[in-house]
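start_9.tsv, holding TSV, C-alpha atoms:
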chain	number	residue	atom	x	y	z
A	18	MET	CA	-6.49	18.35	9.69
A	19	ALA	CA	-9.38	17.30	7.46
A	20	THR	CA	-11.72	14.67	6.08
A	21	VAL	CA	-11.66	13.77	2.38
A	22	SER	CA	-14.79	12.61	0.55
A	23	LEU	CA	-14.79	11.20	-2.96
A	24	GLU	CA	-18.26	11.06	-4.43
A	25	ARG	CA	-18.84	8.92	-7.54
A	26	LEU	CA	-15.61	10.08	-9.18
A	27	ARG	CA	-15.27	9.27	-12.85
A	28	LYS	CA	-12.28	10.10	-15.01
A	29	SER	CA	-12.43	9.34	-18.71
A	30	HIS	CA	-10.00	9.79	-21.59
A	31	PRO	CA	-10.98	9.80	-25.27
A	32	GLY	CA	-10.53	6.42	-26.90
A	33	ALA	CA	-9.57	4.64	-23.70
A	34	PRO	CA	-11.38	2.88	-20.84
A	35	ASP	CA	-12.33	5.06	-17.88
A	36	ALA	CA	-9.40	5.57	-15.50
A	37	LEU	CA	-11.90	5.80	-12.61
A	38	ARG	CA	-15.41	4.39	-12.49
A	39	GLU	CA	-17.83	5.88	-9.98
A	40	LEU	CA	-15.32	5.82	-7.11
A	41	SER	CA	-16.83	6.72	-3.74
A	42	LEU	CA	-14.66	6.76	-0.62
A	43	GLU	CA	-14.70	8.44	2.79
A	44	ILE	CA	-11.34	9.21	4.44
A	45	ALA	CA	-11.56	10.18	8.11
A	46	ASP	CA	-9.78	13.08	9.79
A	47	GLY	CA	-6.36	11.83	10.89
A	48	GLU	CA	-6.64	8.51	9.04
A	49	PHE	CA	-3.79	6.79	7.19
A	50	LEU	CA	-5.46	5.33	4.09
A	51	SER	CA	-3.52	3.52	1.37
A	52	LEU	CA	-4.69	3.17	-2.23
A	53	VAL	CA	-3.31	-0.05	-3.70
A	54	GLY	CA	-3.60	-2.03	-6.88
A	55	PRO	CA	-1.64	-2.94	-10.02
A	56	SER	CA	-0.32	-0.38	-12.49
A	57	GLY	CA	-3.12	1.39	-14.31
A	58	CYS	CA	-5.77	0.70	-11.67
A	59	GLY	CA	-6.47	4.41	-11.00
A	60	LYS	CA	-4.67	5.01	-7.69
A	61	SER	CA	-2.40	7.86	-8.89
A	62	THR	CA	-5.32	9.33	-10.84
A	63	THR	CA	-7.30	9.44	-7.59
A	64	LEU	CA	-4.44	11.22	-5.82
A	65	ASN	CA	-4.13	13.77	-8.62
A	66	LEU	CA	-7.87	14.52	-8.44
A	67	ILE	CA	-7.62	15.16	-4.70
A	68	ALA	CA	-4.57	17.38	-5.21
A	69	GLY	CA	-6.13	19.37	-8.04
A	70	LEU	CA	-3.49	18.32	-10.59
A	71	ASP	CA	-6.37	16.95	-12.66
A	72	GLU	CA	-10.14	17.36	-12.66
A	73	PRO	CA	-12.78	14.59	-12.67
A	74	THR	CA	-15.04	14.01	-15.65
A	75	SER	CA	-17.88	13.77	-13.15
A	76	GLY	CA	-18.32	13.43	-9.40
A	77	ALA	CA	-17.07	15.53	-6.50
A	78	VAL	CA	-14.00	15.87	-4.29
A	79	ARG	CA	-14.71	17.35	-0.86
A	80	ILE	CA	-12.24	18.38	1.83
A	81	ASP	CA	-13.84	18.95	5.22
A	82	GLY	CA	-17.21	18.89	3.49
A	83	ALA	CA	-16.43	21.69	1.03
A	84	GLN	CA	-16.34	20.81	-2.67
A	85	VAL	CA	-12.94	21.64	-4.16
A	86	ASN	CA	-13.60	20.75	-7.81
A	87	GLY	CA	-12.11	23.49	-9.95
A	88	LEU	CA	-9.92	24.93	-7.20
A	89	PRO	CA	-6.21	25.10	-8.10
A	90	PRO	CA	-3.82	23.00	-5.98
A	91	ALA	CA	-2.58	26.02	-4.03
A	92	GLU	CA	-6.08	26.72	-2.73
A	93	ARG	CA	-6.81	23.16	-1.54
A	94	ASP	CA	-4.26	23.24	1.31
A	95	VAL	CA	-2.86	19.80	0.52
A	96	ALA	CA	0.79	18.76	0.16
A	97	MET	CA	2.08	16.03	-2.13
A	98	VAL	CA	5.23	13.89	-1.88
A	99	PHE	CA	6.21	12.27	-5.16
A	100	GLN	CA	8.16	9.17	-6.15
A	101	SER	CA	10.87	11.48	-7.53
A	102	TYR	CA	12.32	13.79	-4.92
A	103	ALA	CA	11.71	16.93	-7.04
A	104	LEU	CA	14.20	19.02	-5.03
A	105	TYR	CA	15.70	22.27	-6.30
A	106	PRO	CA	19.31	21.32	-7.07
A	107	HIS	CA	20.66	24.87	-6.66
A	108	LYS	CA	19.15	25.29	-3.18
A	109	ASP	CA	20.49	23.72	0.00
A	110	VAL	CA	18.21	21.73	2.30
A	111	ARG	CA	17.28	24.84	4.26
A	112	GLY	CA	16.33	26.61	1.03
A	113	ASN	CA	14.26	23.67	-0.20
A	114	LEU	CA	12.33	23.53	3.05
A	115	ALA	CA	11.84	27.28	3.21
A	116	PHE	CA	10.73	27.77	-0.40
A	117	PRO	CA	7.01	26.88	-0.05
A	118	LEU	CA	6.76	29.19	2.97
A	119	GLN	CA	8.51	32.01	1.14
A	120	MET	CA	6.00	31.65	-1.68
A	121	ARG	CA	3.23	32.17	0.90
A	122	ARG	CA	5.09	35.28	2.15
A	123	LEU	CA	5.29	34.13	5.77
A	124	PRO	CA	7.41	36.25	8.13
A	125	ARG	CA	11.11	35.35	8.18
A	126	ALA	CA	11.04	34.35	11.85
A	127	GLU	CA	8.09	32.01	11.26
A	128	ILE	CA	9.87	30.42	8.29
A	129	GLU	CA	13.02	29.82	10.32
A	130	ARG	CA	10.99	28.36	13.19
A	131	ARG	CA	9.10	25.94	10.94
A	132	VAL	CA	12.22	24.86	9.06
A	133	ALA	CA	14.06	24.13	12.32
A	134	GLU	CA	11.04	22.30	13.76
A	135	THR	CA	10.59	20.14	10.65
A	136	ALA	CA	14.30	19.36	10.31
A	137	ALA	CA	14.42	18.22	13.93
A	138	LEU	CA	11.32	16.06	13.51
A	139	LEU	CA	12.84	14.28	10.49
A	140	GLY	CA	16.39	14.09	11.83
A	141	ILE	CA	17.85	16.20	9.01
A	142	ALA	CA	18.98	19.24	11.02
A	143	PRO	CA	22.68	18.43	10.39
A	144	LEU	CA	21.99	18.48	6.63
A	145	LEU	CA	20.49	21.96	6.31
A	146	SER	CA	23.51	23.46	4.55
A	147	ARG	CA	23.95	20.60	2.05
A	148	LYS	CA	22.82	20.56	-1.58
A	149	PRO	CA	20.68	17.65	-2.87
A	150	ARG	CA	23.64	16.19	-4.80
A	151	GLU	CA	25.44	15.73	-1.46
A	152	LEU	CA	22.60	13.63	0.02
A	153	SER	CA	21.80	9.92	-0.11
A	154	GLY	CA	18.49	8.71	-1.54
A	155	GLY	CA	17.00	8.31	1.92
A	156	GLN	CA	18.11	11.81	2.95
A	157	ARG	CA	16.65	13.31	-0.21
A	158	GLN	CA	13.32	11.62	0.46
A	159	ARG	CA	13.32	13.00	4.01
A	160	VAL	CA	13.88	16.50	2.59
A	161	ALA	CA	11.03	15.98	0.10
A	162	LEU	CA	8.85	14.86	2.98
A	163	GLY	CA	9.97	17.86	5.03
A	164	ARG	CA	8.98	20.25	2.26
A	165	ALA	CA	5.44	18.91	2.58
A	166	LEU	CA	5.43	18.88	6.39
A	167	VAL	CA	6.71	22.43	6.76
A	168	ARG	CA	3.55	23.79	5.14
A	169	LYS	CA	1.29	22.17	7.76
A	170	PRO	CA	-1.38	21.31	5.19
A	171	ARG	CA	-4.79	19.82	5.92
A	172	VAL	CA	-4.07	16.64	3.90
A	173	PHE	CA	-0.83	14.86	2.99
A	174	LEU	CA	-0.74	12.96	-0.32
A	175	PHE	CA	2.00	10.41	-1.06
A	176	ASP	CA	2.57	8.97	-4.55
A	177	GLU	CA	4.80	5.88	-4.11
A	178	PRO	CA	7.40	7.90	-2.16
A	179	LEU	CA	9.61	4.92	-1.25
A	180	SER	CA	9.70	3.02	-4.54
A	181	ASN	CA	13.08	4.45	-5.62
A	182	LEU	CA	14.83	3.25	-2.45
A	183	ASP	CA	16.53	-0.07	-1.78
A	184	ALA	CA	14.72	-2.68	0.32
A	185	GLY	CA	16.54	-1.96	3.59
A	186	LEU	CA	15.99	1.79	3.37
A	187	ARG	CA	12.33	1.31	2.39
A	188	SER	CA	11.79	-0.74	5.53
A	189	GLN	CA	13.47	1.91	7.68
A	190	LEU	CA	11.48	4.79	6.19
A	191	ARG	CA	8.23	2.83	6.51
A	192	GLY	CA	8.80	2.80	10.25
A	193	GLU	CA	9.59	6.51	10.25
A	194	LEU	CA	6.43	7.31	8.26
A	195	LYS	CA	4.33	5.34	10.74
A	196	ARG	CA	5.93	7.19	13.66
A	197	LEU	CA	5.44	10.51	11.89
A	198	HIS	CA	1.74	9.85	11.32
A	199	ALA	CA	1.28	8.93	14.98
A	200	THR	CA	3.03	12.16	16.00
A	201	LEU	CA	1.16	14.48	13.64
A	202	GLN	CA	-2.25	12.74	13.77
A	203	ALA	CA	-2.65	14.06	10.23
A	204	THR	CA	-4.70	12.79	7.29
A	205	PHE	CA	-2.44	10.70	5.04
A	206	VAL	CA	-3.52	9.34	1.63
A	207	TYR	CA	-0.82	7.00	0.39
A	208	VAL	CA	-0.49	5.39	-3.04
A	209	THR	CA	1.58	2.23	-3.37
A	210	HIS	CA	1.75	-0.96	-5.44
A	211	ASP	CA	3.62	-2.64	-2.56
A	212	GLN	CA	1.17	-4.68	-0.49
A	213	ALA	CA	3.69	-4.92	2.39
A	214	GLU	CA	3.79	-1.10	2.67
A	215	ALA	CA	0.02	-0.92	2.69
A	216	MET	CA	-0.31	-3.66	5.33
A	217	THR	CA	2.27	-2.19	7.71
A	218	LEU	CA	1.37	1.50	7.41
A	219	SER	CA	-2.37	1.80	6.98
A	220	ASP	CA	-5.38	2.25	9.22
A	221	ARG	CA	-7.41	1.16	6.18
A	222	ILE	CA	-6.64	0.00	2.66
A	223	ALA	CA	-8.66	0.71	-0.49
A	224	VAL	CA	-8.03	-1.82	-3.27
A	225	LEU	CA	-8.56	-0.66	-6.86
A	226	ARG	CA	-8.80	-2.65	-10.08
A	227	GLU	CA	-9.29	-1.10	-13.50
A	228	GLY	CA	-10.68	2.07	-11.95
A	229	SER	CA	-13.18	0.34	-9.67
A	230	LEU	CA	-13.07	-0.04	-5.90
A	231	GLN	CA	-12.87	-3.72	-4.96
A	232	GLN	CA	-12.73	-3.50	-1.16
A	233	VAL	CA	-11.91	-1.06	1.62
A	234	GLY	CA	-11.14	-2.01	5.20
A	235	PRO	CA	-8.45	-2.52	7.86
A	236	PRO	CA	-5.38	-4.51	6.76
A	237	ARG	CA	-6.31	-7.63	8.72
A	238	GLU	CA	-9.82	-7.68	7.24
A	239	ILE	CA	-8.45	-7.26	3.71
A	240	TYR	CA	-6.01	-10.12	4.26
A	241	GLU	CA	-8.24	-12.57	6.11
A	242	ARG	CA	-11.60	-11.78	4.50
A	243	PRO	CA	-10.90	-10.62	0.93
A	244	ALA	CA	-14.00	-9.59	-1.00
A	245	ASN	CA	-13.00	-11.56	-4.09
A	246	ARG	CA	-10.25	-13.61	-5.71
A	247	PHE	CA	-8.45	-10.52	-7.05
A	248	VAL	CA	-8.01	-9.06	-3.55
A	249	ALA	CA	-7.02	-12.45	-2.15
A	250	GLU	CA	-4.29	-12.84	-4.78
A	251	PHE	CA	-2.97	-9.28	-4.45
A	252	PHE	CA	-2.10	-9.62	-0.77
A	253	GLY	CA	0.30	-12.14	0.68
A	254	THR	CA	3.79	-13.44	-0.11
A	255	PRO	CA	3.91	-16.14	-1.34
A	256	ARG	CA	0.54	-15.77	-3.04
A	257	ILE	CA	-2.54	-17.54	-1.80
A	258	ASN	CA	-3.06	-21.08	-3.10
A	259	LEU	CA	-6.07	-21.26	-5.46
A	260	LEU	CA	-7.39	-24.64	-6.54
A	261	PRO	CA	-10.60	-26.59	-7.17
A	262	GLY	CA	-12.41	-27.53	-3.99
A	263	ARG	CA	-12.35	-31.20	-4.96
A	264	ALA	CA	-8.54	-31.21	-4.58
A	265	LEU	CA	-9.09	-30.76	-0.84
A	266	GLY	CA	-12.06	-33.07	-0.67
A	267	LEU	CA	-14.56	-30.20	-0.74
A	268	PRO	CA	-17.60	-29.58	-2.95
A	269	GLU	CA	-17.12	-28.14	-6.44
A	270	GLY	CA	-15.99	-24.54	-6.76
A	271	GLU	CA	-12.76	-22.63	-6.29
A	272	VAL	CA	-11.10	-22.34	-2.90
A	273	GLY	CA	-8.13	-20.42	-1.57
A	274	ILE	CA	-5.82	-21.09	1.34
A	275	ARG	CA	-2.76	-19.10	2.30
A	276	PRO	CA	0.55	-20.99	2.55
A	277	GLU	CA	0.89	-20.27	6.28
A	278	HIS	CA	-2.45	-21.99	6.85
A	279	VAL	CA	-1.32	-25.25	5.23
A	280	GLU	CA	0.22	-27.74	7.67
A	281	LEU	CA	3.12	-29.69	6.20
A	282	LEU	CA	3.54	-33.11	7.85
A	283	LEU	CA	6.26	-35.73	7.43
A	284	GLU	CA	3.99	-38.60	8.47
A	285	PRO	CA	0.41	-39.56	7.56
A	286	ALA	CA	-2.26	-37.97	9.78
A	287	ALA	CA	-6.03	-37.69	9.95
A	288	GLY	CA	-7.36	-35.37	7.26
A	289	ALA	CA	-3.95	-34.95	5.60
A	290	LEU	CA	-3.49	-35.49	1.86
A	291	PRO	CA	-0.32	-37.05	0.39
A	292	GLY	CA	1.89	-35.12	-2.00
A	293	ALA	CA	5.41	-34.89	-3.38
A	294	VAL	CA	7.87	-32.06	-2.73
A	295	GLU	CA	8.79	-30.13	-5.89
A	296	LEU	CA	10.67	-27.11	-4.53
A	297	CYS	CA	12.07	-25.84	-1.21
A	298	GLU	CA	12.86	-22.13	-0.71
A	299	LEU	CA	14.68	-21.15	2.49
A	300	THR	CA	14.09	-17.47	3.31
A	301	GLY	CA	15.97	-17.47	6.62
A	302	ALA	CA	13.27	-17.66	9.27
A	303	GLU	CA	11.15	-20.17	7.36
A	304	THR	CA	11.00	-22.51	4.39
A	305	TRP	CA	8.38	-22.32	1.65
A	306	VAL	CA	7.70	-25.74	0.17
A	307	THR	CA	5.90	-26.31	-3.15
A	308	VAL	CA	4.07	-29.64	-3.14
A	309	ALA	CA	2.42	-31.51	-6.00
A	310	LEU	CA	-1.00	-32.67	-4.81
A	311	GLY	CA	-2.23	-34.71	-7.73
A	312	ALA	CA	-2.58	-32.28	-10.62
A	313	GLU	CA	-2.49	-29.23	-8.31
A	314	ARG	CA	0.41	-27.32	-6.74
A	315	LEU	CA	0.29	-25.91	-3.21
A	316	VAL	CA	2.81	-23.85	-1.27
A	317	ALA	CA	3.10	-24.56	2.46
A	318	ARG	CA	5.18	-22.95	5.18
A	319	GLY	CA	7.69	-25.00	7.12
A	320	GLU	CA	10.27	-24.30	9.81
A	321	ALA	CA	13.68	-23.02	8.75
A	322	GLU	CA	15.21	-26.32	9.86
A	323	LEU	CA	12.80	-28.40	7.77
A	324	ALA	CA	14.81	-31.19	6.10
A	325	VAL	CA	12.94	-32.15	2.94
A	326	ARG	CA	14.13	-32.37	-0.65
A	327	SER	CA	12.60	-32.51	-4.10
A	328	GLY	CA	10.79	-35.82	-4.54
A	329	ASP	CA	10.17	-36.45	-0.82
A	330	ARG	CA	6.72	-37.62	0.18
A	331	VAL	CA	4.85	-35.31	2.59
A	332	TRP	CA	1.27	-34.75	3.75
A	333	LEU	CA	-0.74	-31.52	3.69
A	334	ARG	CA	-3.64	-30.49	5.88
A	335	ALA	CA	-5.57	-27.23	5.77
A	336	GLN	CA	-6.04	-25.49	9.12
A	337	PRO	CA	-9.70	-25.53	10.19
A	338	GLY	CA	-11.66	-22.42	9.25
A	339	ARG	CA	-8.89	-21.01	7.05
A	340	ILE	CA	-10.22	-22.06	3.65
A	341	LEU	CA	-11.75	-19.28	1.55
A	342	ARG	CA	-14.43	-20.23	-0.97
A	343	PHE	CA	-15.23	-18.20	-4.08
A	344	ASP	CA	-18.16	-18.25	-6.46
A	345	ALA	CA	-17.76	-19.66	-9.95
A	346	SER	CA	-16.60	-16.34	-11.41
A	347	GLY	CA	-14.18	-15.60	-8.58
A	348	GLU	CA	-15.79	-12.17	-8.25
A	349	ALA	CA	-17.08	-12.76	-4.74
A	350	ARG	CA	-16.07	-14.69	-1.67
A	351	LYS	CA	-18.73	-16.96	-0.25
A	352	ALA	CA	-19.59	-16.42	3.39
Show me the file's structure as structure tokens.
Amino acid sequence: MATVSLERLRKSHPGAPDALRELSLEIADGEFLSLVGPSGCGKSTTLNLIAGLDEPTSGAVRIDGAQVNGLPPAERDVAMVFQSYALYPHKDVRGNLAFPLQMRRLPRAEIERRVAETAALLGIAPLLSRKPRELSGGQRQRVALGRALVRKPRVFLFDEPLSNLDAGLRSQLRGELKRLHATLQATFVYVTHDQAEAMTLSDRIAVLREGSLQQVGPPREIYERPANRFVAEFFGTPRINLLPGRALGLPEGEVGIRPEHVELLLEPAAGALPGAVELCELTGAETWVTVALGAERLVARGEAELAVRSGDRVWLRAQPGRILRFDASGEARKA
């Protein structure tokens, strides 16, 4: 496999803001790194620059230390899996898997061996004689993934490969991707706007905003110690509570606390602030309760059996050490 180094990458377009602004990032050999952020933040642009589908305005892309700027995609030894399956409709599954190997003029026996090996790994061996129109969405995505795997590239690139699938199938394929990465020990660079995908799949996450890198680190670090308000808001469902410090009896400034770190009490208690229930949302395993705390609104997590209704009086208390404090601009978290 391979390392990937991005050195001060900039991508500009005439008459528009830069798509990437001096992006520097080191991706380790065998690492699963996710690029996340809202639409237009530069994550797909970054993937295209690694793949060679586009070239940077300035900066360098290196694979295993060698600069690949200017090299066509075929000479970079990377494989890309797209959001759309991009399968050849006239070829069966076997033909779709074999095609990239045929283009490289590999011996027939080697092609057959790799196709069989890849189909077994992805559980699609029974589908080899079917055409794409005869497959479900999940099966088509497995074939698209197999077409990348069969090449045995140095780097795998994924551009929102699960976004066209329904929620249940996305969850299933997330687990399969994680298992596949553990089996292959390959370098995966994965683009997604879905923070749950990034949290569950990644060794590290790189968060982008308007072409600039906001933070890079392991999922737990990103979630518990966000670099700024933008990162804090991007991760977590429901979103983090943001409010003036004075609402919690703290000094001036903005603070954040995640709903699961807010204790919801039915009786007064030391350090708890009174509020009124505005909304209860039962999700099955838990209940999310929106509470009016003076002029502010906070969401707290309660048990599934929690029996409160709109208008009920409750008390809220922040768990010790769980409050995040931000500077006046929100651009940095205070230590």
Counting all atoms listed in the file, what is within 9 Å of Asn245 (chain A), bar same-chain residues fewer than 2 positions away, as a short mmCIF file (atom, residue, chain, number, x, y, z; two decimals) with C-alpha atoms, in the frame of the given file?
data_model
loop_
_atom_site.label_atom_id
_atom_site.label_comp_id
_atom_site.auth_asym_id
_atom_site.auth_seq_id
_atom_site.Cartn_x
_atom_site.Cartn_y
_atom_site.Cartn_z
CA GLN A 231 -12.87 -3.72 -4.96
CA GLN A 232 -12.73 -3.50 -1.16
CA ARG A 242 -11.60 -11.78 4.50
CA PRO A 243 -10.90 -10.62 0.93
CA PHE A 247 -8.45 -10.52 -7.05
CA VAL A 248 -8.01 -9.06 -3.55
CA ALA A 249 -7.02 -12.45 -2.15
CA GLU A 250 -4.29 -12.84 -4.78
CA PHE A 343 -15.23 -18.20 -4.08
CA ASP A 344 -18.16 -18.25 -6.46
CA GLY A 347 -14.18 -15.60 -8.58
CA GLU A 348 -15.79 -12.17 -8.25
CA ALA A 349 -17.08 -12.76 -4.74
CA ARG A 350 -16.07 -14.69 -1.67
CA LYS A 351 -18.73 -16.96 -0.25
#
At a cut-off of 8 Å, using all atoms listed in the file, what residues contact region 71-86 of chain A? Leave out same-chain residues fewer than 2 positions from it and give the result as a compact mmCIF listing (two decimals) with C-alpha atoms, in the frame of the given file.
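Below is the file that was written, around-v3.txt:
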# COMPACT_ATOMS: atom_id res chain seq x y z
CA ALA A 19 -9.38 17.30 7.46
CA THR A 20 -11.72 14.67 6.08
CA VAL A 21 -11.66 13.77 2.38
CA SER A 22 -14.79 12.61 0.55
CA LEU A 23 -14.79 11.20 -2.96
CA GLU A 24 -18.26 11.06 -4.43
CA ARG A 25 -18.84 8.92 -7.54
CA LEU A 26 -15.61 10.08 -9.18
CA ARG A 27 -15.27 9.27 -12.85
CA LYS A 28 -12.28 10.10 -15.01
CA SER A 29 -12.43 9.34 -18.71
CA GLU A 39 -17.83 5.88 -9.98
CA THR A 62 -5.32 9.33 -10.84
CA ASN A 65 -4.13 13.77 -8.62
CA LEU A 66 -7.87 14.52 -8.44
CA ILE A 67 -7.62 15.16 -4.70
CA ALA A 68 -4.57 17.38 -5.21
CA GLY A 69 -6.13 19.37 -8.04
CA LEU A 88 -9.92 24.93 -7.20
CA ARG A 93 -6.81 23.16 -1.54
- A:Gly234, A:Gly154, A:Gly57, A:Gly112: which is nearest Ile44 (chain A), counting only C-alpha atoms?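 For Ile44 (chain A), the nearest of the candidates is A:Gly234.
Across the structure, CA of Gly266 (chain A) and CA of Ala289 (chain A) are spaced 10.4 Å apart.
CA of Glu241 (chain A) is found 28.3 Å from CA of Leu186 (chain A).
The shortest atom-to-atom distance to Ala244 (chain A), with all atoms listed in the file taken into account, belongs to A:Leu341 out of A:Leu114, A:Leu123, A:Leu341, A:Leu283.
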- Message: So that I can see what lies close to Ile222 (chain A), please list as a list in words the residues with an atom at most 6 Å from it, counting all atoms listed in the file and leaving out residues fewer than 5 positions away in the same chain.
- Response: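 Neighbouring residues, sequence-local ones excluded: Leu50, Ser51, Val233 and Gly234 of chain A.
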- Message: Would you pick out the contacts of Val208 (chain A) at 9 Å or less, using only C-alpha atoms, so that residues sharing its chain but fewer than 5 positions from it are not included, and give the list as a ChimeraX atom specification?
- Response: /A:50-54,60-61,64,174-178,215
Could you put an axis-aligned box around every listed atom of region 312-327 of chain A, padded by 4 Å on each side, and send me its centre and edge lengths in Å to one decimal, as JSON?
{"center_x": 6.3, "center_y": -27.7, "center_z": -0.4, "size_x": 25.8, "size_y": 17.6, "size_z": 28.5}
- Nearest to Ala335 (chain A) among A:Gly319, A:Gly292, A:Pro170, A:Gly273, with distances taken over all atoms listed in the file: which residue is it?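 The closest residue to Ala335 (chain A) is A:Gly273.
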- Task: Just give me the gap between CA of Met216 (chain A) and CA of Leu162 (chain A) in Å, one decimal is fine.
- Result: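 CA of Leu162 (chain A) lies at a distance of 20.8 Å from CA of Met216 (chain A).
Distance annotation: of A:Arg164, A:Lys169, A:Arg111, A:Arg159, the residue with the minimal separation from Gln189 (chain A) is A:Arg159; atom set is all atoms listed in the file.
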- Query: Given the choices A:Arg157, A:Arg263, A:Arg226, A:Arg246, which gets closest to Leu190 (chain A) if the distance is worked out from all atoms listed in the file?
  - Reply: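 That would be A:Arg157, the residue with the smallest distance to Leu190 (chain A).
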- Give the answer as one residue: which of A:Leu145, A:Val95, A:Leu182, A:Ala293 has the shortest atom-to-atom distance to Gln158 (chain A), using only C-alpha atoms?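 Smallest distance to Gln158 (chain A) is found for A:Leu182.
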- Message: What's around Glu322 (chain A) at 12 Å? Count all atoms listed in the file, leave out sequence neighbours fewer than 4 positions away in its own chain, and write the answer as number ranges by chain.
- Response: A: 297-305, 318
Please, could you write that set of residues out with C-alpha atoms as a PDB file, in the frame of the given file?
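The new file selection28.pdb reads:
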ATOM      1  CA  CYS A 297      12.070 -25.840  -1.210  1.00  0.00           C
ATOM      2  CA  GLU A 298      12.860 -22.130  -0.710  1.00  0.00           C
ATOM      3  CA  LEU A 299      14.680 -21.150   2.490  1.00  0.00           C
ATOM      4  CA  THR A 300      14.090 -17.470   3.310  1.00  0.00           C
ATOM      5  CA  GLY A 301      15.970 -17.470   6.620  1.00  0.00           C
ATOM      6  CA  ALA A 302      13.270 -17.660   9.270  1.00  0.00           C
ATOM      7  CA  GLU A 303      11.150 -20.170   7.360  1.00  0.00           C
ATOM      8  CA  THR A 304      11.000 -22.510   4.390  1.00  0.00           C
ATOM      9  CA  TRP A 305       8.380 -22.320   1.650  1.00  0.00           C
ATOM     10  CA  ARG A 318       5.180 -22.950   5.180  1.00  0.00           C
TER      11      ARG A 318
END
- Message: From (13.1, 17.1, -8.4), in the file's coordinates, out to 12 Å: which residues are reached, counting all atoms listed in the file? Answer as a VMD selection string.
- Response: chain A and resid 98 to 108 113 149 to 150 157 to 158 160 to 161 164
